[in-house]
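Enquirer: run_38.txt (compact mmCIF, C-alpha atoms) pasted underneath:
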# COMPACT_ATOMS: atom_id res chain seq x y z
CA MET A 1 0.00 0.00 0.00
CA LYS A 2 2.85 2.34 0.80
CA ILE A 3 4.39 1.81 -2.63
CA MET A 4 1.13 2.44 -4.49
CA PHE A 5 0.57 5.69 -2.58
CA LYS A 6 3.99 7.01 -3.66
CA ARG A 7 3.31 6.19 -7.30
CA ILE A 8 -0.05 8.00 -7.24
CA GLN A 9 1.63 11.01 -5.62
CA LEU A 10 4.40 11.05 -8.25
CA TYR A 11 1.92 10.85 -11.15
CA SER A 12 0.00 13.76 -9.70
CA ILE A 13 3.11 15.91 -9.50
CA ILE A 14 4.08 15.17 -13.12
CA SER A 15 0.58 15.97 -14.34
CA PHE A 16 0.60 19.26 -12.42
CA VAL A 17 3.94 20.28 -13.94
CA LEU A 18 2.93 19.42 -17.49
CA LEU A 19 -0.44 21.13 -17.29
CA GLY A 20 0.86 24.17 -15.43
CA CYS A 21 3.76 25.11 -17.71
CA GLY A 22 1.80 26.91 -20.38
CA GLU A 23 3.74 29.88 -21.75
CA ASP A 24 6.31 29.73 -18.97
CA TYR A 25 8.09 26.70 -20.52
CA ILE A 26 11.86 26.85 -19.93
CA GLY A 27 14.25 24.85 -22.09
CA GLN A 28 15.03 24.36 -25.81
CA TYR A 29 12.80 26.50 -27.98
CA PRO A 30 10.77 24.51 -30.48
CA LEU A 31 12.40 24.34 -33.92
CA ASP A 32 11.18 26.81 -36.51
CA GLU A 33 12.22 28.11 -39.91
CA VAL A 34 12.06 31.80 -39.14
CA ALA A 35 15.44 33.49 -39.65
CA PRO A 36 16.58 36.09 -37.13
CA GLY A 37 17.32 39.70 -37.99
CA LYS A 38 20.72 40.80 -39.24
CA VAL A 39 23.50 42.37 -37.19
CA THR A 40 23.56 46.16 -37.48
CA ASN A 41 25.83 49.12 -36.73
CA VAL A 42 28.88 47.22 -37.90
CA SER A 43 32.26 48.93 -37.42
CA VAL A 44 35.80 47.77 -38.19
CA GLU A 45 39.10 48.47 -36.41
CA ASN A 46 42.03 47.25 -38.47
CA LYS A 47 45.10 46.27 -36.44
CA ALA A 48 48.47 44.64 -37.07
CA GLY A 49 47.69 41.15 -38.36
CA GLY A 50 43.95 41.36 -37.71
CA SER A 51 40.69 43.27 -37.45
CA VAL A 52 38.20 43.80 -34.63
CA ILE A 53 34.55 43.76 -35.75
CA THR A 54 31.97 45.44 -33.51
CA TYR A 55 28.20 45.21 -34.13
CA SER A 56 24.72 45.31 -32.59
CA ILE A 57 22.90 42.00 -32.29
CA PRO A 58 19.31 41.44 -33.49
CA SER A 59 16.45 41.70 -30.99
CA ASP A 60 15.05 38.20 -31.69
CA ALA A 61 14.22 36.35 -28.44
CA ASP A 62 15.86 33.16 -29.71
CA PHE A 63 19.04 34.80 -31.04
CA SER A 64 22.03 32.52 -30.38
CA TYR A 65 25.32 33.68 -31.94
CA VAL A 66 27.10 35.52 -34.76
CA LYS A 67 29.32 33.78 -37.29
CA VAL A 68 31.99 35.60 -39.30
CA VAL A 69 33.29 34.05 -42.53
CA TYR A 70 36.64 35.24 -43.95
CA THR A 71 39.74 33.90 -45.70
CA ILE A 72 43.44 33.68 -44.82
CA LYS A 73 45.91 32.66 -47.52
CA GLY A 74 43.00 31.50 -49.67
CA GLU A 75 41.62 29.22 -46.96
CA LYS A 76 38.08 29.77 -45.69
CA LYS A 77 37.85 30.49 -41.96
CA GLU A 78 34.91 30.82 -39.60
CA GLN A 79 34.67 32.38 -36.17
CA LYS A 80 31.69 32.48 -33.83
CA ALA A 81 30.76 34.93 -31.08
CA SER A 82 28.10 34.16 -28.47
CA ALA A 83 24.99 36.20 -27.73
CA PHE A 84 26.81 37.77 -24.80
CA LYS A 85 29.37 39.45 -27.05
CA GLN A 86 29.02 42.17 -29.61
CA LYS A 87 32.57 42.00 -30.86
CA VAL A 88 34.80 39.50 -32.62
CA ALA A 89 38.59 39.67 -33.19
CA LEU A 90 39.97 38.15 -36.38
CA GLU A 91 43.67 37.25 -36.22
CA GLY A 92 46.36 35.52 -38.24
CA PHE A 93 46.52 37.73 -41.35
CA GLY A 94 49.88 38.30 -43.03
CA LYS A 95 50.53 41.13 -45.48
CA SER A 96 47.93 43.89 -45.54
CA GLU A 97 45.24 43.06 -48.05
CA SER A 98 41.63 44.15 -48.45
CA GLN A 99 38.87 41.55 -48.40
CA GLN A 100 35.14 41.32 -47.91
CA ILE A 101 33.95 39.29 -44.94
CA THR A 102 30.44 38.05 -44.18
CA LEU A 103 28.51 38.19 -40.90
CA PHE A 104 25.52 35.96 -40.13
CA ALA A 105 23.24 35.96 -37.11
CA TYR A 106 21.92 32.55 -36.00
CA ASP A 107 19.02 31.61 -33.76
CA LYS A 108 18.62 28.57 -31.55
CA SER A 109 17.03 26.67 -34.43
CA GLU A 110 20.21 27.25 -36.46
CA ASN A 111 18.43 29.54 -38.88
CA ALA A 112 20.81 32.05 -40.48
CA SER A 113 20.01 35.68 -41.11
CA ASP A 114 20.61 37.42 -44.39
CA PRO A 115 24.33 38.08 -44.80
CA VAL A 116 25.97 41.38 -43.95
CA PHE A 117 29.04 42.18 -46.05
CA VAL A 118 31.88 44.25 -44.60
CA ASP A 119 35.25 45.26 -46.02
CA ILE A 120 38.35 44.87 -43.83
CA GLN A 121 42.04 45.50 -44.43
CA PRO A 122 44.23 44.30 -41.54
CA LEU A 123 47.60 45.98 -41.25
CA ASP A 124 50.78 44.00 -41.90
CA ALA A 125 51.45 41.31 -39.29
CA PRO A 126 54.03 42.44 -36.68
CA VAL A 127 56.74 40.10 -38.00
CA TYR A 128 57.26 42.27 -41.08
CA SER A 129 58.05 45.46 -39.19
CA MET A 130 60.15 43.55 -36.67
CA VAL A 131 62.61 42.33 -39.28
CA GLU A 132 62.82 45.83 -40.75
CA SER A 133 63.74 47.38 -37.41
CA VAL A 134 66.01 44.68 -35.96
CA VAL A 135 69.47 45.91 -34.97
CA VAL A 136 72.42 43.55 -35.49
CA LYS A 137 75.79 44.14 -33.82
CA ASP A 138 79.05 42.23 -33.71
CA ASP A 139 79.39 40.63 -30.29
CA PHE A 140 81.63 38.25 -28.41
CA GLY A 141 81.58 34.89 -30.15
CA GLY A 142 78.86 35.94 -32.61
CA ILE A 143 76.24 38.66 -32.94
CA ARG A 144 73.76 40.55 -30.77
CA LEU A 145 70.18 41.09 -32.00
CA ASP A 146 67.70 43.65 -30.63
CA TRP A 147 64.17 44.23 -31.85
CA GLN A 148 60.88 45.95 -30.97
CA ASN A 149 57.60 44.06 -30.59
CA GLN A 150 55.04 46.72 -29.63
CA ASP A 151 52.12 44.31 -30.09
CA LYS A 152 53.72 41.73 -27.76
CA SER A 153 53.08 39.07 -30.39
CA ALA A 154 54.31 35.55 -29.72
CA ILE A 155 57.10 35.12 -32.27
CA VAL A 156 59.93 32.78 -33.17
CA LEU A 157 63.23 34.25 -34.33
CA THR A 158 65.29 31.85 -36.43
CA VAL A 159 68.95 32.65 -37.08
CA LEU A 160 70.90 31.00 -39.90
CA THR A 161 74.56 30.89 -40.81
CA THR A 162 76.74 29.19 -43.41
CA THR A 163 78.83 26.06 -43.12
CA ASP A 164 81.01 24.01 -45.47
CA GLN A 165 81.12 20.99 -43.18
CA PHE A 166 80.48 18.59 -46.06
CA GLY A 167 82.57 20.41 -48.64
CA VAL A 168 79.67 22.49 -50.00
CA GLU A 169 78.71 25.78 -48.43
CA GLU A 170 75.10 25.74 -47.24
CA TRP A 171 72.82 27.56 -44.83
CA ILE A 172 72.04 25.89 -41.51
CA GLU A 173 70.07 26.94 -38.45
CA ALA A 174 72.35 28.51 -35.84
CA ASP A 175 69.75 29.11 -33.13
CA ARG A 176 66.08 29.77 -32.44
CA PHE A 177 64.46 32.10 -29.92
CA TYR A 178 60.89 32.42 -28.62
CA SER A 179 59.61 35.75 -27.30
CA SER A 180 56.55 37.90 -26.68
CA SER A 181 58.35 40.75 -24.94
CA THR A 182 57.92 44.34 -26.07
CA VAL A 183 61.69 44.68 -26.28
CA GLY A 184 63.43 41.54 -27.51
CA GLY A 185 67.08 40.58 -27.53
CA ALA A 186 69.23 37.54 -28.28
CA ASN A 187 72.87 36.54 -28.61
CA ILE A 188 74.31 34.06 -31.09
CA ARG A 189 77.47 32.52 -29.62
CA GLY A 190 80.11 29.93 -30.38
CA TYR A 191 81.95 31.36 -33.41
CA ASN A 192 85.56 32.41 -33.84
CA ASP A 193 86.61 35.95 -34.72
CA GLU A 194 86.42 35.52 -38.48
CA GLU A 195 84.01 37.26 -40.81
CA ARG A 196 80.86 35.25 -41.53
CA PHE A 197 77.32 35.66 -42.83
CA PHE A 198 74.13 35.33 -40.80
CA GLY A 199 70.50 35.29 -41.88
CA LEU A 200 67.45 35.84 -39.70
CA TYR A 201 63.68 35.91 -39.98
CA PHE A 202 60.66 36.18 -37.68
CA ARG A 203 57.64 33.86 -37.71
CA ASP A 204 54.37 34.08 -35.78
CA ARG A 205 52.04 31.30 -34.59
CA TRP A 206 50.00 31.50 -37.80
CA ASP A 207 53.12 30.75 -39.87
CA ASN A 208 53.41 34.27 -41.25
CA SER A 209 57.12 34.74 -41.95
CA SER A 210 59.08 37.88 -42.65
CA ASP A 211 61.64 38.11 -45.40
CA THR A 212 65.08 36.84 -44.44
CA LEU A 213 67.57 39.54 -43.51
CA TYR A 214 71.17 38.69 -44.43
CA VAL A 215 74.08 40.39 -42.65
CA LYS A 216 77.85 40.15 -42.72
CA ALA A 217 79.35 40.09 -39.23
CA HIS A 218 82.74 39.90 -37.59
CA PRO A 219 82.35 38.17 -34.18
CA LEU A 220 84.57 39.45 -31.40
CA TYR A 221 87.08 37.10 -29.83
CA GLU A 222 85.79 35.38 -26.69
CA GLU A 223 87.23 32.77 -24.36
CA GLN A 224 86.34 31.28 -21.00
CA LEU A 225 88.42 32.83 -18.24
CA ASP A 226 90.97 30.41 -16.80
CA LYS A 227 89.51 29.31 -13.44
CA SER A 228 92.85 27.99 -12.25
CA LYS A 229 93.89 31.63 -11.78
CA PHE A 230 90.88 32.53 -9.61
CA ARG A 231 91.63 32.96 -5.92
CA ARG A 232 90.13 34.14 -2.65
CA TRP A 233 90.68 37.88 -2.17
CA ASN A 234 89.14 40.54 0.05
CA PRO A 235 89.80 44.30 0.04
CA SER A 236 89.67 46.53 3.08
CA GLY A 237 86.16 46.81 4.52
CA ILE A 238 84.78 43.67 2.83
CA PRO A 239 85.72 40.67 4.98
CA TYR A 240 85.58 37.06 3.87
CA ASN A 241 81.86 36.28 4.29
CA ALA A 242 81.66 32.69 3.09
CA TYR A 243 81.88 29.53 5.17
CA THR A 244 85.43 28.36 5.79
CA ASP A 245 84.97 24.57 5.74
CA ALA A 246 85.74 22.71 2.51
CA ALA A 247 82.10 22.00 1.66
CA TRP A 248 81.14 25.69 1.36
CA ARG A 249 84.24 27.82 0.83
CA ILE A 250 84.42 30.39 -1.97
CA GLU A 251 86.89 28.26 -3.95
CA ASN A 252 83.95 25.97 -4.75
CA LEU A 253 82.64 28.74 -7.03
CA TRP A 254 85.24 27.77 -9.63
CA ASN A 255 86.11 24.09 -8.96
CA GLY A 256 84.13 22.89 -12.01
CA LEU A 257 81.82 20.66 -9.96
CA ILE A 258 78.03 20.98 -9.95
CA SER A 259 77.02 17.49 -8.75
CA GLY A 260 74.90 16.87 -5.67
CA THR A 261 77.90 15.54 -3.76
CA ASN A 262 79.57 18.95 -4.05
CA TYR A 263 77.63 21.43 -1.91
CA GLY A 264 79.04 24.51 -3.64
CA PHE A 265 79.53 28.01 -2.29
CA ALA A 266 77.69 29.45 0.70
CA SER A 267 78.03 32.93 2.18
CA PHE A 268 76.59 34.50 5.32
CA THR A 269 75.88 37.73 3.39
CA HIS A 270 75.15 39.00 -0.11
CA ASP A 271 78.47 40.80 -0.60
CA ASN A 272 81.47 38.76 -1.81
CA THR A 273 84.70 39.43 -3.69
CA PHE A 274 87.39 37.43 -5.50
CA ASP A 275 90.36 37.84 -7.84
CA THR A 276 90.15 36.33 -11.34
CA GLY A 277 93.94 36.57 -11.72
CA GLN A 278 93.63 38.08 -15.21
CA LEU A 279 92.59 41.41 -16.71
CA ALA A 280 89.67 40.79 -19.04
CA ARG A 281 86.82 42.57 -20.74
CA LEU A 282 83.93 40.34 -19.67
CA SER A 283 81.29 39.20 -22.15
CA ARG A 284 79.01 36.88 -20.14
CA ILE A 285 78.51 35.10 -16.84
CA LYS A 286 76.94 31.75 -15.98
CA ILE A 287 75.71 30.50 -12.62
CA ASN A 288 74.77 26.90 -11.87
CA ASN A 289 72.19 26.62 -9.12
CA ARG A 290 73.29 24.69 -6.03
CA TYR A 291 71.79 21.21 -6.23
CA GLU A 292 71.68 18.84 -3.30
CA ASN A 293 68.02 17.92 -3.70
CA ASP A 294 65.07 19.08 -5.79
CA ALA A 295 63.75 21.46 -3.12
CA LEU A 296 66.71 23.82 -3.67
CA ILE A 297 65.86 24.65 -7.30
CA TYR A 298 64.85 28.35 -7.51
CA ASN A 299 64.51 28.52 -3.75
CA PHE A 300 66.13 29.53 -0.45
CA ALA A 301 69.47 31.37 -0.94
CA HIS A 302 69.82 31.04 -4.72
CA PRO A 303 70.34 34.56 -6.20
CA LYS A 304 67.33 36.05 -7.96
CA LYS A 305 68.66 39.53 -8.65
CA PHE A 306 72.31 40.54 -8.41
CA GLN A 307 74.99 42.97 -9.55
CA ILE A 308 78.54 42.37 -10.76
CA TRP A 309 81.02 45.12 -9.99
CA GLY A 310 84.64 45.14 -11.11
CA SER A 311 88.00 46.84 -10.75
CA ALA A 312 91.21 46.69 -12.73
CA HIS A 313 93.26 47.25 -9.55
CA PRO A 314 93.07 46.05 -5.92
CA ASN A 315 92.87 49.56 -4.42
CA VAL A 316 89.14 49.38 -3.60
CA ASN A 317 87.03 49.05 -0.46
CA ALA A 318 83.41 48.75 0.67
CA ASP A 319 82.49 52.09 -0.94
CA PHE A 320 80.77 51.31 -4.26
CA SER A 321 82.13 54.51 -5.77
CA ASN A 322 85.52 52.75 -5.94
CA TRP A 323 84.05 50.04 -8.18
CA ILE A 324 82.65 49.96 -11.72
CA LEU A 325 79.16 48.51 -12.15
CA LEU A 326 79.48 45.96 -14.95
CA GLY A 327 75.87 44.80 -15.00
CA GLU A 328 72.69 44.02 -13.07
CA PHE A 329 71.02 40.68 -13.75
CA GLU A 330 67.89 38.80 -12.79
CA SER A 331 67.31 35.05 -12.66
CA THR A 332 64.20 33.75 -14.46
CA LYS A 333 62.28 30.53 -13.96
CA PRO A 334 61.27 28.96 -17.31
CA SER A 335 58.07 27.36 -15.98
CA GLY A 336 56.88 30.38 -14.01
CA LEU A 337 55.69 28.02 -11.25
CA PRO A 338 55.29 29.33 -7.66
CA LEU A 339 58.07 29.16 -5.08
CA GLY A 340 58.82 25.56 -4.08
CA GLN A 341 57.50 24.10 -7.35
CA TYR A 342 59.60 23.36 -10.41
CA SER A 343 59.61 21.52 -13.73
CA ASP A 344 62.28 19.45 -15.48
CA ASP A 345 63.01 22.50 -17.65
CA ASP A 346 63.66 24.54 -14.50
CA LYS A 347 66.02 21.88 -13.17
CA ASN A 348 67.98 21.58 -16.42
CA TYR A 349 68.16 25.34 -16.95
CA ALA A 350 69.16 26.37 -13.44
CA TRP A 351 71.37 23.47 -12.45
CA ALA A 352 72.59 21.17 -15.25
CA LYS A 353 72.97 23.76 -18.01
CA GLY A 354 73.30 26.89 -15.88
CA GLU A 355 71.73 30.29 -16.34
CA GLU A 356 73.63 32.82 -18.48
CA TRP A 357 73.60 36.60 -18.76
CA ASN A 358 75.44 38.98 -21.11
CA PHE A 359 77.50 41.96 -20.05
CA PRO A 360 77.12 45.25 -21.96
CA LEU A 361 79.60 45.62 -24.81
CA ASP A 362 81.04 48.91 -23.59
CA ILE A 363 82.33 47.83 -20.15
CA PRO A 364 86.08 48.19 -19.37
CA ALA A 365 88.47 45.36 -18.62
CA VAL A 366 88.62 44.29 -14.94
CA ARG A 367 90.42 41.77 -12.78
CA TYR A 368 88.78 41.98 -9.35
CA ILE A 369 85.11 41.03 -8.95
CA ARG A 370 82.52 42.15 -6.40
CA TRP A 371 79.38 40.05 -6.55
CA PHE A 372 76.49 41.78 -4.77
CA VAL A 373 73.19 39.89 -4.43
CA LEU A 374 70.13 42.16 -4.21
CA ASP A 375 67.52 39.45 -3.68
CA SER A 376 67.32 35.65 -3.35
CA TRP A 377 64.54 33.34 -4.53
CA GLY A 378 63.54 32.37 -1.01
CA GLY A 379 64.15 35.76 0.58
CA SER A 380 67.20 34.45 2.44
CA GLU A 381 69.97 36.73 3.68
CA TYR A 382 72.48 34.05 2.68
CA THR A 383 73.91 33.34 -0.78
CA GLN A 384 74.39 29.80 -2.14
CA VAL A 385 75.32 28.62 -5.65
CA GLY A 386 77.06 25.67 -7.23
CA GLU A 387 79.40 27.19 -9.82
CA LEU A 388 80.22 30.52 -11.49
CA THR A 389 81.81 30.87 -14.95
CA LEU A 390 83.02 33.98 -16.78
CA TRP A 391 83.84 34.64 -20.46
CA GLY A 392 85.44 37.55 -22.22
CA LYS A 393 88.59 38.81 -23.93
CA VAL A 394 91.66 38.42 -21.74
CA GLU A 395 94.06 41.33 -22.09
CA LYS A 396 96.75 40.21 -19.67
Can you turn what I pasted into structure tokens?

Expert:
Amino acid sequence: MKIMFKRIQLYSIISFVLLGCGEDYIGQYPLDEVAPGKVTNVSVENKAGGSVITYSIPSDADFSYVKVVYTIKGEKKEQKASAFKQKVALEGFGKSESQQITLFAYDKSENASDPVFVDIQPLDAPVYSMVESVVVKDDFGGIRLDWQNQDKSAIVLTVLTTTDQFGVEEWIEADRFYSSSTVGGANIRGYNDEERFFGLYFRDRWDNSSDTLYVKAHPLYEEQLDKSKFRRWNPSGIPYNAYTDAAWRIENLWNGLISGTNYGFASFTHDNTFDTGQLARLSRIKINNRYENDALIYNFAHPKKFQIWGSAHPNVNADFSNWILLGEFESTKPSGLPLGQYSDDDKNYAWAKGEEWNFPLDIPAVRYIRWFVLDSWGGSEYTQVGELTLWGKVEK
């Protein structure tokens, strides 16, 4: 009896719902063949590599979305915008070219409105102006490239050079760089100080490529500074701040070991000095993160932002006015993950490969180094790294 009563009650509820809905029915509208009105008040804003289309939607109660039909490199493209938007951004165009696009309004029964035709003419994609404005300079071991990317477009810069490795001169890829920064820069390294040709071009994520720019360059001579000449050294007013036991002393900065069994260099403060034993115009610096376990990657006392000061003579002290600022550098984490988290790329970049920075080309030759850490990844007042390497042109 209990079961029968529940069934009768349920049937009554269903009947009440069905009979009481009337015009207040909520859900999928019944299918019809009545097309919605067209979009109106269409305006176009042409931008680099694309166009932004703004419009007013029709007033139909069952209006659903707007579809825009256009072409890129002869291929038909479609893009939809929901009823909650009155704007659509078309991207991926290459060279500036006028074309007519079509806008349709659709209702929930998939009926299409009459077409609305609009002319657009996107400006040249950013890659074309980037290759025209790129600045190429001779640099240590290769060339230095600088470019502007005002649209912050995600681009790939490919650099080529020539080789006669197999007896026939041919172009090969020298390096590739990815960037979306407003101001971009890259260094091509690893070549001797002989004249050679380089080629370069920019490509975006829609495979729009600039023309290839060919340049003749004369790389500057570069060599790794001889670490066997490095030694502990402290001027007046800057005491030896590192640990004194073998596991952490400053000599570990240049012992060539980055394995987990070698703890590296550890200092009580952020201000340390040493003597390279040679007068050199520095070109770049590399730091290998201390690695004892995974938790240390981009963490604790590893330098995040630091300065390198130099002097050609030992007559300096704690006063920075006695030193020459050679460069200020900042460590970056490839993955962008929060503190305490890391990826394999982070581990390889910071520890196994080491993170590199370039010195400005116009710095003078120095022998004595003052390494001043401004900030560490974990906010520590200590400084810890595995290895430090310097390159440049040794003068004596």

Enquirer: Leaving out stretch 121-133 of chain A and any residue of its chain fewer than 6 positions from it, which residues lie within 10 Å of it when counting all atoms listed in the file, given as a VMD selection string?

Expert: chain A and resid 44 to 52 90 to 100 146 to 157 184 200 to 204 208 to 213

Enquirer: What separation in Å, quoted to one decimal, exists between atom CA of A:Ser331 and atom CA of A:Leu296?

Expert: 14.4 Å

Enquirer: Counting only C-alpha atoms, which residues come within 9 Å of (74.6, 35.6, -16.8), with the point read in the file's coordinates, and could you list them as a list in words?

Expert: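 The requested residues, written out, are Arg284, Ile285, Lys286, Ile287, Phe329, Glu330, Ser331, Gly354, Glu355, Glu356, Trp357, Asn358, Phe359, Thr389 and Leu390 of chain A.
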
Enquirer: Give the answer as one residue: which of A:Leu325, A:Leu160, A:Val394, A:Val39 has the shortest atom-to-atom distance to A:Ile143, using only C-alpha atoms?

Expert: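 Looking only at the distances to A:Ile143, the closest residue turns out to be A:Leu160.
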
Enquirer: Here is a test: counting all atoms listed in the file, which residue of A:Ile188, A:Phe198, A:Asn289, A:Asp114 is nearest to A:Leu145?

Expert: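 Going through A:Ile188, A:Phe198, A:Asn289, A:Asp114 one by one, the smallest distance to A:Leu145 is for A:Ile188.
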
Enquirer: With all atoms listed in the file as the atoms that count, which of A:Thr269, A:Thr161, A:Ser59, A:Asn299 lies nearest to A:Trp371?

Expert: A:Thr269

Enquirer: With all atoms listed in the file as the basis for distance, which of A:Val134, A:Ala266, A:Ala280, A:Ala318 is at the shortest distance from A:Ala246?

Expert: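 The answer is A:Ala266, which sits nearest to A:Ala246.
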
Enquirer: To one decimal in Å, tell me the separation between atom CA of A:Gly199 and atom CA of A:Val159.

Expert: 5.7 Å

Enquirer: When you draw a straight line from atom CA of A:Thr71 to atom CA of A:Glu33, how long is it in Å?

Expert: 28.7 Å

Enquirer: Excluding stretch 309-312 of chain A and residues on its chain fewer than 5 positions from it, collect all residues at most 12 Å away from it, counting all atoms listed in the file, and give them as a ChimeraX atom specification.

Expert: /A:235,271-282,317-329,359,363-373,395-396

Enquirer: In terms of the shortest atom-to-atom distance over all atoms listed in the file, which of A:Lys108, A:Lys73, A:Lys85, A:Lys216 is closest to A:Leu31?

Expert: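 The shortest atom-to-atom distance to A:Leu31 comes from A:Lys108.
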
Enquirer: Report, as AutoDock Vina command-line options, the centre and edge lengths in Å (one decimal) of the axis-aligned box enclosing every listed atom of stretch 297-310 of chain A, padded by 3 Å on each side.

Expert:
--center_x 74.6 --center_y 34.9 --center_z -5.8 --size_x 26.1 --size_y 26.5 --size_z 16.7

Enquirer: Counting only C-alpha atoms, which residue out of A:Pro314, A:Pro115, A:Gly336, A:Gly264 sits closest to A:Lys67?

Expert: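 When distances to A:Lys67 are compared using only C-alpha atoms, the smallest one comes from A:Pro115.
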
Enquirer: Counting all atoms listed in the file, write as a VMD selection string all protein and nucleic acid residues lying at most 10 Å from (21.9, 28.1, -39.3) in the file's frame.

Expert: chain A and resid 33 35 to 36 64 to 65 67 104 to 113

Enquirer: Env of A:Phe265: 12 Å cut, atoms = only C-alpha atoms, seq-sep filter 5 positions within chain, self excluded. Answer as a PyMOL selection string.

Expert: chain A and resi 241-258+272+287-291+301-303+382-388

Enquirer: Would you mind exporting stretch 269-333 of chain A with C-alpha atoms, as a short mmCIF file (atom, residue, chain, number, x, y, z; two decimals), in the first residue's frame?

Expert:
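Okay, selection_30.cif is ready:
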data_model
loop_
_atom_site.label_atom_id
_atom_site.label_comp_id
_atom_site.auth_asym_id
_atom_site.auth_seq_id
_atom_site.Cartn_x
_atom_site.Cartn_y
_atom_site.Cartn_z
CA THR A 269 75.88 37.73 3.39
CA HIS A 270 75.15 39.00 -0.11
CA ASP A 271 78.47 40.80 -0.60
CA ASN A 272 81.47 38.76 -1.81
CA THR A 273 84.70 39.43 -3.69
CA PHE A 274 87.39 37.43 -5.50
CA ASP A 275 90.36 37.84 -7.84
CA THR A 276 90.15 36.33 -11.34
CA GLY A 277 93.94 36.57 -11.72
CA GLN A 278 93.63 38.08 -15.21
CA LEU A 279 92.59 41.41 -16.71
CA ALA A 280 89.67 40.79 -19.04
CA ARG A 281 86.82 42.57 -20.74
CA LEU A 282 83.93 40.34 -19.67
CA SER A 283 81.29 39.20 -22.15
CA ARG A 284 79.01 36.88 -20.14
CA ILE A 285 78.51 35.10 -16.84
CA LYS A 286 76.94 31.75 -15.98
CA ILE A 287 75.71 30.50 -12.62
CA ASN A 288 74.77 26.90 -11.87
CA ASN A 289 72.19 26.62 -9.12
CA ARG A 290 73.29 24.69 -6.03
CA TYR A 291 71.79 21.21 -6.23
CA GLU A 292 71.68 18.84 -3.30
CA ASN A 293 68.02 17.92 -3.70
CA ASP A 294 65.07 19.08 -5.79
CA ALA A 295 63.75 21.46 -3.12
CA LEU A 296 66.71 23.82 -3.67
CA ILE A 297 65.86 24.65 -7.30
CA TYR A 298 64.85 28.35 -7.51
CA ASN A 299 64.51 28.52 -3.75
CA PHE A 300 66.13 29.53 -0.45
CA ALA A 301 69.47 31.37 -0.94
CA HIS A 302 69.82 31.04 -4.72
CA PRO A 303 70.34 34.56 -6.20
CA LYS A 304 67.33 36.05 -7.96
CA LYS A 305 68.66 39.53 -8.65
CA PHE A 306 72.31 40.54 -8.41
CA GLN A 307 74.99 42.97 -9.55
CA ILE A 308 78.54 42.37 -10.76
CA TRP A 309 81.02 45.12 -9.99
CA GLY A 310 84.64 45.14 -11.11
CA SER A 311 88.00 46.84 -10.75
CA ALA A 312 91.21 46.69 -12.73
CA HIS A 313 93.26 47.25 -9.55
CA PRO A 314 93.07 46.05 -5.92
CA ASN A 315 92.87 49.56 -4.42
CA VAL A 316 89.14 49.38 -3.60
CA ASN A 317 87.03 49.05 -0.46
CA ALA A 318 83.41 48.75 0.67
CA ASP A 319 82.49 52.09 -0.94
CA PHE A 320 80.77 51.31 -4.26
CA SER A 321 82.13 54.51 -5.77
CA ASN A 322 85.52 52.75 -5.94
CA TRP A 323 84.05 50.04 -8.18
CA ILE A 324 82.65 49.96 -11.72
CA LEU A 325 79.16 48.51 -12.15
CA LEU A 326 79.48 45.96 -14.95
CA GLY A 327 75.87 44.80 -15.00
CA GLU A 328 72.69 44.02 -13.07
CA PHE A 329 71.02 40.68 -13.75
CA GLU A 330 67.89 38.80 -12.79
CA SER A 331 67.31 35.05 -12.66
CA THR A 332 64.20 33.75 -14.46
CA LYS A 333 62.28 30.53 -13.96
#
